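Inspection log for the structure reproduced underneath, given as structure tokens.
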Protein chains: 2
Amino acid sequence: MKTKKILLPDNELPRQWYNIVADMPNRPLPLLHPGTKQPVTKELMNRIFVEELVHQEMSTERFIDIPERVQDIYRIWRCTPLVRASELEKALDLPSGIKIYFKNESVSPAGSHKPNSAVPQAYYAAAQGLNRMTTETGGGQWGSAMSMAAEMFGLDLRVYMVKVSYEQKPYRKSMMNTWGADVFPSPSDTTEAGRKILAENPNDGGSLGTAISEAVEMVMTHPDARYCLGSVMNHVILHQTIIGEETLRQMEMTGDYPDVVIGCFGGGSNFGGIAFPFLRENLAKGRKTRLIAAEPTCCPKLTRGKFEYDFGDVAGFTPLIPMFTLGHEFHPADIHAGGLRYHGAGTTASQLYKDGLFEAVDIEQVESLAAGVLFAKTEGIIPAPESTHAIRAAIDEAEKAREAGEDRTIVFNLSGHGVIDLYAYEQYLSGALKNYTLSDAEIAKTVSRLEKLA
Amino acid sequence: MKTKKILLPDNELPRQWYNIVADMPNRPLPLLHPGTKQPVTKELMNRIFVEELVHQEMSTERFIDIPERVQDIYRIWRCTPLVRASELEKALDLPSGIKIYFKNESVSPAGSHKPNSAVPQAYYAAAQGLNRMTTETGGGQWGSAMSMAAEMFGLDLRVYMVKVSYEQKPYRKSMMNTWGADVFPSPSDTTEAGRKILAENPNDGGSLGTAISEAVEMVMTHPDARYCLGSVMNHVILHQTIIGEETLRQMEMTGDYPDVVIGCFGGGSNFGGIAFPFLRENLAKGRKTRLIAAEPTCCPKLTRGKFEYDFGDVAGFTPLIPMFTLGHEFHPADIHAGGLRYHGAGTTASQLYKDGLFEAVDIEQVESLAAGVLFAKTEGIIPAPESTHAIRAAIDEAEKAREAGEDRTIVFNLSGHGVIDLYAYEQYLSGALKNYTLSDAEIAKTVSRLEKLA
């Protein structure tokens, strides 16, 4: 019998997250206060974020214990399956030495990897005695996950959802409402930042940067509330390393070890989540696994952006963040992979990319959806538009290995399913889907707007 | 550490389906030809269905081997988790002797238990050299599953989808299209049966019975096509017993044995799938597990219907089927649990129910959705409207055990997730959802229309 997938029993689940910061050759640069240009204080951070999360954000400990209660919730769906993509391999007619595995994060109740961080964030907020949180969401995956987690820990949650997504995906709102959250399309009239944008353009479709501005403003004007977010920050990527820790153990059980590990890249959480534990093995044991971030051509912050201090949001409310960025005012095309439409990469990922410790590739929207349809027709699962970027990159790696006449074991992170994003597939099937590749002039224009903020 | 869920490794998955017919105290009555009133011949059945499925339909073998290739596909998502509903138990404040487990069939690529039968049906069709299939779907779960399976085995598929569902759930169509199927709202103008209904009422919202008429007519007029369906028939329930076979092994690993096993009931496939292996244990080993079918109050064929020979479809194209039925012309209210809106129960389930080997309860729509919301807020997973009937019945059983001061281990089948059915949750949350309980007069009227057809 061929083994199709590997699972770990409940009692073998990882009980610690891995903090890549402990092993970085160059530690990430500090976040800076935009006024003083000095590193932001823990006090300011604690005003915005949950205290334990700030602690984790700045931690240099290699391993951090996962609270028992969080493990309880994780076990509803974790360990997620590591699946040999044998049906996809067959469709690609790959030689036996080229193997594709995927880590199936789509089996969580919210349909993506996002609950891995939402659950501990809600847990720590409740432990601090808070009862009110606010966040933003692009494609809706994070907002859904955080709604579920907030409900589980008895927290009120307000979600600012990028307006184009809010309108394209009414079911996302229903999902968040079912879990008890309040959802507002962003830009909204509930904040100064939102009202300002609406005054300039009542039809503004919003962006992740704008939604962050609104969520942060709401927290700054409500002392009992805290802000949380689903990517970019160290503590988020820390929580997501549960993915890679499981994958390491699961790969061991297959007898294979990955030559390549791939994740799509928005702010870095699902990529870092699967890749950083393998990066540790590279650094500590001299392994040579290539780690590949797959970003969309319309928002190529890693491959075509610049490493600079920049704001995390459109309005400039956040600390200054050292990152690969296209500029906080950059407005990416309205591709369906809403979770990848963010102008910058997280600090940790940015530093590691600067230091050459992982690679990045750009993927076109039409080609990524085509890969998603092939995956759906072979492995059955309809992937999230975000995840189709990783699938495309995995197929490209397999094809390159074949051309080179090499064996290759490829693992990619299937970060979520797409059954609430089927509009993207309709568009693809009808031939209406477009590619959005930025010209050199467009890149030069947006990057030239990047001020020396620090 | 508390064990939250149990999984079987790939190499311990059941390799045989269980055929309850072998152990029935009274075998099911034969299907009859409506003209001759004689048992339908294998030849006629072979004209409509795939040959191996007809063979299985009539088989009295106790166990039937699952083909290797079907096992390959099953392993993409199977074994499905058996999860202790500890968070739900906590919310209900149950004493420790009352335990609730659920079998999570929602993790399949199509989001329900339906692929368990769709995959072998497509496999056997391809093995027979067919390349064209047709089917119908109510809520969309079966049509989605069959679209995926047909694509995997290179078959063309045409799906007749009940029009109210087609309009309420556009994503279901997109899903089926993504897997390459053609989808028509039923009644459609592609068949005589459909055109006749549309001529009488152009706004007819359709029913499962009508959709079956259309799908069967299409097969009868296309000699190269065969019809398949997702419930009611013995062979479908046979395939679904993989659920119960896994659950038996998983329960053994928990150290508990179920006092009660619950499934929602449309045609009987997810109920029979989980319950019949436990019924075997009851019959063979004197176990006393109570098996409970949860049906909607608007379509109470088991609790309030009559055991008679009746047609499986509205137009009277099918053989005469011995079943608990409300009459093939009965038109249930447009509840969101589209998969439970069928007028009759499968022959096997009907005979077993007649012989008192399982119980049935009726569940109101609003109460079932309320249970679904509670489940979503505790265990995270948003259940399909169909599955919420099983959840409600499980909660009711737990409450009854508490009132009686008894210990009770309850297992229910979470037949699918509801993230493509979120309209039902919107309606519930807005207070617009209604109950539909049939009055005695309505039941008397529909049952009195039941002719003595055989």
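Every chain in the structure tokens has a letter given in the order shown (A, B, ...), and although residue numbers restart at 1 in each chain, ligands are simply numbered from 1 in the order shown.
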Neighbouring residues of A:Glu217 were defined as those with any atom within 8 Å, considering only C-alpha atoms; residues of the same chain fewer than 6 positions away were excluded. Please report them as a PDB file with all heavy atoms, in the first residue's frame.
ATOM      1  N   THR A 191     -13.958  55.774  11.553  1.00  0.00           N
ATOM      2  CA  THR A 191     -12.660  56.316  11.979  1.00  0.00           C
ATOM      3  C   THR A 191     -12.322  57.572  11.179  1.00  0.00           C
ATOM      4  O   THR A 191     -12.826  57.779  10.071  1.00  0.00           O
ATOM      5  CB  THR A 191     -11.513  55.299  11.741  1.00  0.00           C
ATOM      6  OG1 THR A 191     -11.365  55.089  10.328  1.00  0.00           O
ATOM      7  CG2 THR A 191     -11.775  53.968  12.432  1.00  0.00           C
ATOM      8  N   GLU A 192     -11.423  58.383  11.749  1.00  0.00           N
ATOM      9  CA  GLU A 192     -10.888  59.558  11.040  1.00  0.00           C
ATOM     10  C   GLU A 192     -10.232  59.132   9.739  1.00  0.00           C
ATOM     11  O   GLU A 192     -10.440  59.720   8.685  1.00  0.00           O
ATOM     12  CB  GLU A 192      -9.827  60.249  11.910  1.00  0.00           C
ATOM     13  CG  GLU A 192     -10.365  61.143  13.008  1.00  0.00           C
ATOM     14  CD  GLU A 192     -11.092  62.348  12.443  1.00  0.00           C
ATOM     15  OE1 GLU A 192     -10.713  62.850  11.364  1.00  0.00           O
ATOM     16  OE2 GLU A 192     -12.081  62.785  13.088  1.00  0.00           O
ATOM     17  N   ALA A 193      -9.372  58.100   9.859  1.00  0.00           N
ATOM     18  CA  ALA A 193      -8.625  57.649   8.687  1.00  0.00           C
ATOM     19  C   ALA A 193      -9.575  57.242   7.568  1.00  0.00           C
ATOM     20  O   ALA A 193      -9.374  57.601   6.401  1.00  0.00           O
ATOM     21  CB  ALA A 193      -7.724  56.476   9.072  1.00  0.00           C
ATOM     22  N   PHE A 317       0.164  55.324  10.917  1.00  0.00           N
ATOM     23  CA  PHE A 317      -0.090  55.225  12.357  1.00  0.00           C
ATOM     24  C   PHE A 317       0.868  54.258  13.050  1.00  0.00           C
ATOM     25  O   PHE A 317       1.024  54.296  14.266  1.00  0.00           O
ATOM     26  CB  PHE A 317      -1.516  54.712  12.627  1.00  0.00           C
ATOM     27  CG  PHE A 317      -2.593  55.708  12.328  1.00  0.00           C
ATOM     28  CD1 PHE A 317      -3.918  55.292  12.184  1.00  0.00           C
ATOM     29  CD2 PHE A 317      -2.306  57.071  12.201  1.00  0.00           C
ATOM     30  CE1 PHE A 317      -4.927  56.209  11.923  1.00  0.00           C
ATOM     31  CE2 PHE A 317      -3.313  57.986  11.934  1.00  0.00           C
ATOM     32  CZ  PHE A 317      -4.618  57.561  11.794  1.00  0.00           C
TER      33      PHE A 317
END
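The neighbours of B:Thr241 here are the residues that come within 7 Å of it, using only C-alpha atoms and leaving out any residue fewer than 3 positions away in the same chain; they are Trp17, Tyr18, Ile237, Leu238, Gly244, Glu245, Gly272, Gly273, Ile274, Phe276 and Pro277 of chain B.
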Contacts of A:Lys354 at 10 Å (only C-alpha atoms; same-chain gap of 2+ positions) as an MDAnalysis selection string: chainID A and resid 26 302 306:307 323:324 348:352 356:359
When you get a sec, could you note down which chain B residues fall within 9 Å of chain A, using only C-alpha atoms, as a short mmCIF file (atom, residue, chain, number, x, y, z; two decimals) with N, CA and C atoms, in the first residue's frame?
data_model
loop_
_atom_site.label_atom_id
_atom_site.label_comp_id
_atom_site.auth_asym_id
_atom_site.auth_seq_id
_atom_site.Cartn_x
_atom_site.Cartn_y
_atom_site.Cartn_z
N MET B 1 -2.12 14.96 29.18
CA MET B 1 -2.73 15.56 28.01
C MET B 1 -4.04 14.87 27.65
N LYS B 2 -5.08 15.70 27.44
CA LYS B 2 -6.35 15.14 27.01
C LYS B 2 -6.28 14.82 25.51
N THR B 3 -6.79 13.66 25.14
CA THR B 3 -6.86 13.35 23.72
C THR B 3 -8.11 14.01 23.16
N LYS B 4 -7.92 14.87 22.19
CA LYS B 4 -9.05 15.57 21.60
C LYS B 4 -9.64 14.77 20.44
N LYS B 5 -8.76 14.16 19.67
CA LYS B 5 -9.29 13.44 18.51
C LYS B 5 -8.45 12.20 18.20
N ILE B 6 -9.08 11.31 17.48
CA ILE B 6 -8.45 10.04 17.11
C ILE B 6 -8.40 9.93 15.59
N LEU B 7 -7.25 9.53 15.10
CA LEU B 7 -7.09 9.30 13.66
C LEU B 7 -6.47 7.93 13.45
N LEU B 8 -6.79 7.31 12.34
CA LEU B 8 -6.13 6.06 11.99
C LEU B 8 -5.06 6.36 10.94
N PRO B 9 -3.91 5.74 11.06
CA PRO B 9 -2.90 5.93 10.01
C PRO B 9 -3.35 5.28 8.70
N ASP B 10 -2.78 5.74 7.59
CA ASP B 10 -3.17 5.25 6.26
C ASP B 10 -3.24 3.72 6.18
N ASN B 11 -2.27 3.05 6.81
CA ASN B 11 -2.22 1.59 6.64
C ASN B 11 -3.21 0.84 7.54
N GLU B 68 -8.31 -0.87 -4.86
CA GLU B 68 -7.05 -0.18 -4.51
C GLU B 68 -7.07 1.29 -4.93
N ASP B 72 -6.71 4.68 -2.78
CA ASP B 72 -5.74 5.76 -3.06
C ASP B 72 -6.39 7.13 -2.88
N ILE B 73 -7.56 7.29 -3.49
CA ILE B 73 -8.23 8.59 -3.44
C ILE B 73 -8.78 8.86 -2.03
N ARG B 75 -7.58 8.13 0.64
CA ARG B 75 -6.51 8.53 1.57
C ARG B 75 -6.11 10.00 1.45
N ILE B 76 -6.63 10.71 0.42
CA ILE B 76 -6.40 12.16 0.39
C ILE B 76 -6.94 12.79 1.69
N TRP B 77 -8.09 12.32 2.14
CA TRP B 77 -8.69 12.92 3.35
C TRP B 77 -9.05 11.91 4.44
N PRO B 81 -11.23 12.61 11.13
CA PRO B 81 -11.06 12.62 12.60
C PRO B 81 -12.34 12.25 13.37
N VAL B 83 -13.64 13.25 16.81
CA VAL B 83 -13.27 14.33 17.72
C VAL B 83 -14.15 14.31 18.97
N ARG B 84 -13.55 14.41 20.13
CA ARG B 84 -14.32 14.60 21.35
C ARG B 84 -14.78 16.05 21.39
N ALA B 85 -16.10 16.25 21.47
CA ALA B 85 -16.65 17.61 21.44
C ALA B 85 -16.53 18.24 22.82
N GLU B 87 -15.32 21.03 23.89
CA GLU B 87 -15.68 22.45 24.03
C GLU B 87 -17.21 22.61 24.06
N SER B 106 -16.50 16.59 7.34
CA SER B 106 -16.40 17.86 6.61
C SER B 106 -15.01 18.10 6.03
N VAL B 107 -14.03 17.29 6.40
CA VAL B 107 -12.66 17.55 5.94
C VAL B 107 -12.37 17.04 4.52
N SER B 108 -13.35 16.42 3.88
CA SER B 108 -13.11 15.98 2.50
C SER B 108 -13.01 17.19 1.58
N PRO B 109 -12.38 17.02 0.40
CA PRO B 109 -12.23 18.17 -0.51
C PRO B 109 -13.56 18.81 -0.90
N ALA B 110 -14.62 18.01 -0.98
CA ALA B 110 -15.92 18.57 -1.34
C ALA B 110 -16.68 19.05 -0.10
N MET B 148 -16.15 16.26 -8.60
CA MET B 148 -14.75 15.99 -8.28
C MET B 148 -14.36 14.57 -8.72
N ALA B 149 -15.19 13.61 -8.36
CA ALA B 149 -14.87 12.21 -8.66
C ALA B 149 -14.86 11.95 -10.17
N GLU B 151 -14.25 14.01 -12.55
CA GLU B 151 -13.04 14.61 -13.13
C GLU B 151 -11.83 13.74 -12.88
N MET B 152 -11.74 13.17 -11.68
CA MET B 152 -10.58 12.34 -11.35
C MET B 152 -10.49 11.09 -12.22
N TYR B 171 -22.13 29.58 -5.44
CA TYR B 171 -20.78 29.01 -5.30
C TYR B 171 -20.77 27.51 -5.55
N ARG B 172 -21.90 26.87 -5.28
CA ARG B 172 -21.96 25.43 -5.56
C ARG B 172 -21.74 25.17 -7.04
N SER B 174 -20.14 27.14 -9.13
CA SER B 174 -18.74 27.44 -9.43
C SER B 174 -17.85 26.27 -9.05
N MET B 175 -18.17 25.67 -7.92
CA MET B 175 -17.38 24.54 -7.43
C MET B 175 -17.44 23.39 -8.44
N ASN B 177 -18.29 23.56 -11.57
CA ASN B 177 -17.64 23.98 -12.81
C ASN B 177 -16.12 23.87 -12.70
N THR B 178 -15.59 24.22 -11.53
CA THR B 178 -14.13 24.13 -11.34
C THR B 178 -13.66 22.69 -11.54
N TRP B 179 -14.49 21.76 -11.10
CA TRP B 179 -14.15 20.34 -11.31
C TRP B 179 -14.61 19.84 -12.68
N GLY B 180 -15.06 20.77 -13.53
CA GLY B 180 -15.30 20.39 -14.93
C GLY B 180 -16.70 19.90 -15.27
N VAL B 373 -24.96 27.04 15.39
CA VAL B 373 -24.22 28.23 15.83
C VAL B 373 -23.46 27.93 17.12
N ALA B 376 -20.46 25.96 16.18
CA ALA B 376 -19.45 26.81 15.54
C ALA B 376 -18.70 27.65 16.57
N LYS B 377 -19.42 28.09 17.58
CA LYS B 377 -18.79 28.96 18.58
C LYS B 377 -17.95 28.18 19.59
N THR B 378 -18.14 26.88 19.65
CA THR B 378 -17.39 26.07 20.61
C THR B 378 -16.33 25.22 19.91
N GLU B 379 -16.75 24.39 18.98
CA GLU B 379 -15.80 23.51 18.28
C GLU B 379 -15.21 24.16 17.03
N GLY B 380 -15.65 25.37 16.71
CA GLY B 380 -15.06 26.12 15.60
C GLY B 380 -15.69 25.84 14.26
N ILE B 381 -16.02 24.63 13.98
CA ILE B 381 -16.51 24.23 12.66
C ILE B 381 -17.94 24.72 12.43
N ILE B 382 -18.17 25.38 11.29
CA ILE B 382 -19.53 25.78 10.91
C ILE B 382 -20.16 24.62 10.15
N HIS B 417 -19.43 20.53 6.22
CA HIS B 417 -19.35 21.90 6.73
C HIS B 417 -20.33 22.78 5.96
N VAL B 419 -19.77 26.14 5.00
CA VAL B 419 -19.22 27.43 4.57
C VAL B 419 -19.66 27.83 3.17
N ILE B 420 -20.33 26.90 2.45
CA ILE B 420 -20.92 27.33 1.17
C ILE B 420 -22.44 27.47 1.35
N ASP B 421 -22.88 27.33 2.58
CA ASP B 421 -24.31 27.44 2.89
C ASP B 421 -24.54 28.54 3.91
N LEU B 422 -23.69 29.56 3.86
CA LEU B 422 -23.76 30.55 4.93
C LEU B 422 -25.01 31.39 4.89
N TYR B 423 -25.72 31.35 3.76
CA TYR B 423 -26.98 32.08 3.67
C TYR B 423 -27.93 31.63 4.78
N TYR B 425 -27.10 30.68 7.74
CA TYR B 425 -26.68 31.30 8.99
C TYR B 425 -27.05 32.78 9.02
N GLU B 426 -26.90 33.45 7.88
CA GLU B 426 -27.34 34.86 7.80
C GLU B 426 -28.81 34.97 8.18
N LEU B 429 -29.24 34.40 11.89
CA LEU B 429 -28.75 35.51 12.72
C LEU B 429 -29.65 36.73 12.61
#
Near-A:Thr41 list (12 Å; only C-alpha atoms; drop same-chain fewer than 6 positions) as a list in words: Pro30, Leu31, Leu32, His33, Arg47, Ile48, Val54, His55, Met58 and Pro319 of chain A
Going by DSSP on the backbone, which residues of stretch 164-408 of chain A come out as helix (DSSP H, G or I)? List them as a PDB file with C-alpha atoms, in the first residue's frame.
ATOM      1  CA  VAL A 164     -13.384  45.131  -2.413  1.00  0.00           C
ATOM      2  CA  SER A 165     -13.189  41.818  -0.567  1.00  0.00           C
ATOM      3  CA  TYR A 166     -16.213  42.686   1.583  1.00  0.00           C
ATOM      4  CA  GLU A 167     -18.230  43.146  -1.587  1.00  0.00           C
ATOM      5  CA  GLN A 168     -16.768  40.229  -3.547  1.00  0.00           C
ATOM      6  CA  PRO A 170     -20.352  38.234   1.232  1.00  0.00           C
ATOM      7  CA  TYR A 171     -19.955  34.768   2.760  1.00  0.00           C
ATOM      8  CA  ARG A 172     -16.843  35.891   4.591  1.00  0.00           C
ATOM      9  CA  LYS A 173     -18.928  38.422   6.459  1.00  0.00           C
ATOM     10  CA  SER A 174     -21.561  35.789   7.242  1.00  0.00           C
ATOM     11  CA  MET A 175     -18.839  33.499   8.540  1.00  0.00           C
ATOM     12  CA  MET A 176     -17.441  36.158  10.875  1.00  0.00           C
ATOM     13  CA  ASN A 177     -20.961  37.078  12.011  1.00  0.00           C
ATOM     14  CA  THR A 178     -21.697  33.426  12.764  1.00  0.00           C
ATOM     15  CA  GLU A 192     -10.888  59.558  11.040  1.00  0.00           C
ATOM     16  CA  ALA A 193      -8.625  57.649   8.687  1.00  0.00           C
ATOM     17  CA  GLY A 194     -11.579  56.053   6.934  1.00  0.00           C
ATOM     18  CA  ARG A 195     -13.571  59.282   6.697  1.00  0.00           C
ATOM     19  CA  LYS A 196     -10.594  61.106   5.211  1.00  0.00           C
ATOM     20  CA  ILE A 197     -10.194  58.553   2.462  1.00  0.00           C
ATOM     21  CA  LEU A 198     -13.924  58.467   1.732  1.00  0.00           C
ATOM     22  CA  ALA A 199     -13.989  62.258   1.492  1.00  0.00           C
ATOM     23  CA  GLU A 200     -11.313  62.090  -1.193  1.00  0.00           C
ATOM     24  CA  LEU A 208      -4.876  46.244   3.833  1.00  0.00           C
ATOM     25  CA  GLY A 209      -2.888  49.372   4.697  1.00  0.00           C
ATOM     26  CA  THR A 210      -6.070  51.406   5.102  1.00  0.00           C
ATOM     27  CA  ALA A 211      -7.811  48.715   7.127  1.00  0.00           C
ATOM     28  CA  ILE A 212      -4.826  48.577   9.479  1.00  0.00           C
ATOM     29  CA  SER A 213      -5.012  52.348   9.926  1.00  0.00           C
ATOM     30  CA  GLU A 214      -8.657  52.069  10.905  1.00  0.00           C
ATOM     31  CA  ALA A 215      -8.137  49.168  13.301  1.00  0.00           C
ATOM     32  CA  VAL A 216      -5.189  50.876  15.002  1.00  0.00           C
ATOM     33  CA  GLU A 217      -7.064  54.186  15.278  1.00  0.00           C
ATOM     34  CA  MET A 218      -9.988  52.400  16.868  1.00  0.00           C
ATOM     35  CA  VAL A 219      -7.656  50.936  19.484  1.00  0.00           C
ATOM     36  CA  MET A 220      -5.917  54.246  20.169  1.00  0.00           C
ATOM     37  CA  ASN A 234       7.369  38.195  14.631  1.00  0.00           C
ATOM     38  CA  HIS A 235       4.908  36.780  17.125  1.00  0.00           C
ATOM     39  CA  VAL A 236       2.488  35.820  14.363  1.00  0.00           C
ATOM     40  CA  ILE A 237       5.172  33.986  12.433  1.00  0.00           C
ATOM     41  CA  LEU A 238       6.288  32.403  15.703  1.00  0.00           C
ATOM     42  CA  HIS A 239       2.813  30.870  16.175  1.00  0.00           C
ATOM     43  CA  GLN A 240       2.750  29.665  12.585  1.00  0.00           C
ATOM     44  CA  THR A 241       5.945  27.637  13.050  1.00  0.00           C
ATOM     45  CA  ILE A 242       3.696  24.878  14.380  1.00  0.00           C
ATOM     46  CA  ILE A 243       3.243  24.129  10.657  1.00  0.00           C
ATOM     47  CA  GLY A 244       6.931  23.607   9.966  1.00  0.00           C
ATOM     48  CA  GLU A 245       7.560  21.772  13.235  1.00  0.00           C
ATOM     49  CA  GLU A 246       4.876  19.256  12.340  1.00  0.00           C
ATOM     50  CA  THR A 247       6.138  19.026   8.769  1.00  0.00           C
ATOM     51  CA  LEU A 248       9.662  18.236   9.950  1.00  0.00           C
ATOM     52  CA  ARG A 249       8.394  15.293  12.004  1.00  0.00           C
ATOM     53  CA  GLN A 250       6.059  14.172   9.230  1.00  0.00           C
ATOM     54  CA  MET A 251       8.791  14.309   6.568  1.00  0.00           C
ATOM     55  CA  GLU A 252      10.935  12.146   8.815  1.00  0.00           C
ATOM     56  CA  MET A 253       8.185   9.527   8.754  1.00  0.00           C
ATOM     57  CA  THR A 254       8.136   9.548   4.929  1.00  0.00           C
ATOM     58  CA  SER A 269       3.258  34.146   8.141  1.00  0.00           C
ATOM     59  CA  ASN A 270       2.407  30.990   6.224  1.00  0.00           C
ATOM     60  CA  PHE A 271       5.757  31.065   4.433  1.00  0.00           C
ATOM     61  CA  GLY A 272       7.741  31.610   7.621  1.00  0.00           C
ATOM     62  CA  GLY A 273       5.507  29.148   9.414  1.00  0.00           C
ATOM     63  CA  ILE A 274       6.489  26.269   7.201  1.00  0.00           C
ATOM     64  CA  ALA A 275       9.982  27.459   6.179  1.00  0.00           C
ATOM     65  CA  PHE A 276      11.684  28.724   9.350  1.00  0.00           C
ATOM     66  CA  PRO A 277      11.975  25.362  11.120  1.00  0.00           C
ATOM     67  CA  PHE A 278      13.694  24.090   7.959  1.00  0.00           C
ATOM     68  CA  LEU A 279      15.905  27.177   7.945  1.00  0.00           C
ATOM     69  CA  ARG A 280      16.966  26.276  11.483  1.00  0.00           C
ATOM     70  CA  GLU A 281      17.972  22.842  10.191  1.00  0.00           C
ATOM     71  CA  ASN A 282      19.908  24.519   7.375  1.00  0.00           C
ATOM     72  CA  LEU A 283      21.749  26.779   9.816  1.00  0.00           C
ATOM     73  CA  ALA A 284      22.320  24.227  12.570  1.00  0.00           C
ATOM     74  CA  LYS A 285      22.919  21.062  10.595  1.00  0.00           C
ATOM     75  CA  LYS A 301       7.891  43.491  -2.580  1.00  0.00           C
ATOM     76  CA  LEU A 302      10.627  40.892  -2.216  1.00  0.00           C
ATOM     77  CA  THR A 303      11.827  40.563  -5.799  1.00  0.00           C
ATOM     78  CA  ARG A 304      11.360  44.182  -6.858  1.00  0.00           C
ATOM     79  CA  GLY A 338      -6.366  39.350  -1.241  1.00  0.00           C
ATOM     80  CA  GLY A 339      -4.041  38.017   1.427  1.00  0.00           C
ATOM     81  CA  LEU A 340      -0.996  38.709  -0.777  1.00  0.00           C
ATOM     82  CA  THR A 347      10.926  42.414   9.616  1.00  0.00           C
ATOM     83  CA  THR A 348      12.258  38.932  10.243  1.00  0.00           C
ATOM     84  CA  ALA A 349      11.539  37.695   6.751  1.00  0.00           C
ATOM     85  CA  SER A 350      12.945  40.912   5.302  1.00  0.00           C
ATOM     86  CA  GLN A 351      16.247  40.566   7.175  1.00  0.00           C
ATOM     87  CA  LEU A 352      16.552  36.895   6.238  1.00  0.00           C
ATOM     88  CA  TYR A 353      15.830  37.679   2.599  1.00  0.00           C
ATOM     89  CA  LYS A 354      18.405  40.487   2.659  1.00  0.00           C
ATOM     90  CA  GLN A 365      -2.559  35.564 -11.414  1.00  0.00           C
ATOM     91  CA  VAL A 366      -3.791  33.556 -14.421  1.00  0.00           C
ATOM     92  CA  GLU A 367      -0.976  31.012 -14.167  1.00  0.00           C
ATOM     93  CA  SER A 368      -1.539  30.612 -10.435  1.00  0.00           C
ATOM     94  CA  LEU A 369      -5.267  29.969 -10.880  1.00  0.00           C
ATOM     95  CA  ALA A 370      -4.506  27.511 -13.698  1.00  0.00           C
ATOM     96  CA  ALA A 371      -2.318  25.612 -11.247  1.00  0.00           C
ATOM     97  CA  GLY A 372      -5.156  25.788  -8.718  1.00  0.00           C
ATOM     98  CA  VAL A 373      -7.603  24.236 -11.189  1.00  0.00           C
ATOM     99  CA  LEU A 374      -5.136  21.453 -12.028  1.00  0.00           C
ATOM    100  CA  PHE A 375      -4.676  20.805  -8.324  1.00  0.00           C
ATOM    101  CA  ALA A 376      -8.464  20.721  -7.767  1.00  0.00           C
ATOM    102  CA  LYS A 377      -8.897  18.281 -10.631  1.00  0.00           C
ATOM    103  CA  THR A 378      -6.191  15.939  -9.357  1.00  0.00           C
ATOM    104  CA  GLU A 379      -5.943  16.184  -5.566  1.00  0.00           C
ATOM    105  CA  PRO A 385      -6.202  31.951  -4.549  1.00  0.00           C
ATOM    106  CA  GLU A 386      -3.264  32.769  -2.259  1.00  0.00           C
ATOM    107  CA  SER A 387      -2.239  29.120  -2.049  1.00  0.00           C
ATOM    108  CA  THR A 388      -2.348  28.677  -5.824  1.00  0.00           C
ATOM    109  CA  HIS A 389       0.836  30.791  -5.962  1.00  0.00           C
ATOM    110  CA  ALA A 390       2.649  28.139  -3.946  1.00  0.00           C
ATOM    111  CA  ILE A 391       1.237  25.377  -6.138  1.00  0.00           C
ATOM    112  CA  ARG A 392       2.416  27.170  -9.280  1.00  0.00           C
ATOM    113  CA  ALA A 393       5.878  27.582  -7.778  1.00  0.00           C
ATOM    114  CA  ALA A 394       5.958  23.904  -6.793  1.00  0.00           C
ATOM    115  CA  ILE A 395       5.000  22.811 -10.310  1.00  0.00           C
ATOM    116  CA  ASP A 396       7.652  25.137 -11.760  1.00  0.00           C
ATOM    117  CA  GLU A 397      10.270  23.584  -9.444  1.00  0.00           C
ATOM    118  CA  ALA A 398       9.235  20.099 -10.515  1.00  0.00           C
ATOM    119  CA  GLU A 399       9.517  21.060 -14.182  1.00  0.00           C
ATOM    120  CA  LYS A 400      12.949  22.598 -13.626  1.00  0.00           C
ATOM    121  CA  ALA A 401      14.129  19.443 -11.886  1.00  0.00           C
ATOM    122  CA  ARG A 402      12.932  17.385 -14.837  1.00  0.00           C
ATOM    123  CA  GLU A 403      14.742  19.656 -17.298  1.00  0.00           C
ATOM    124  CA  ALA A 404      17.891  19.384 -15.215  1.00  0.00           C
TER     125      ALA A 404
END
Option closest in space to A:Leu53, from A:Arg226, A:Lys90, A:Gly205, A:Pro95 [counting only C-alpha atoms]: A:Arg226
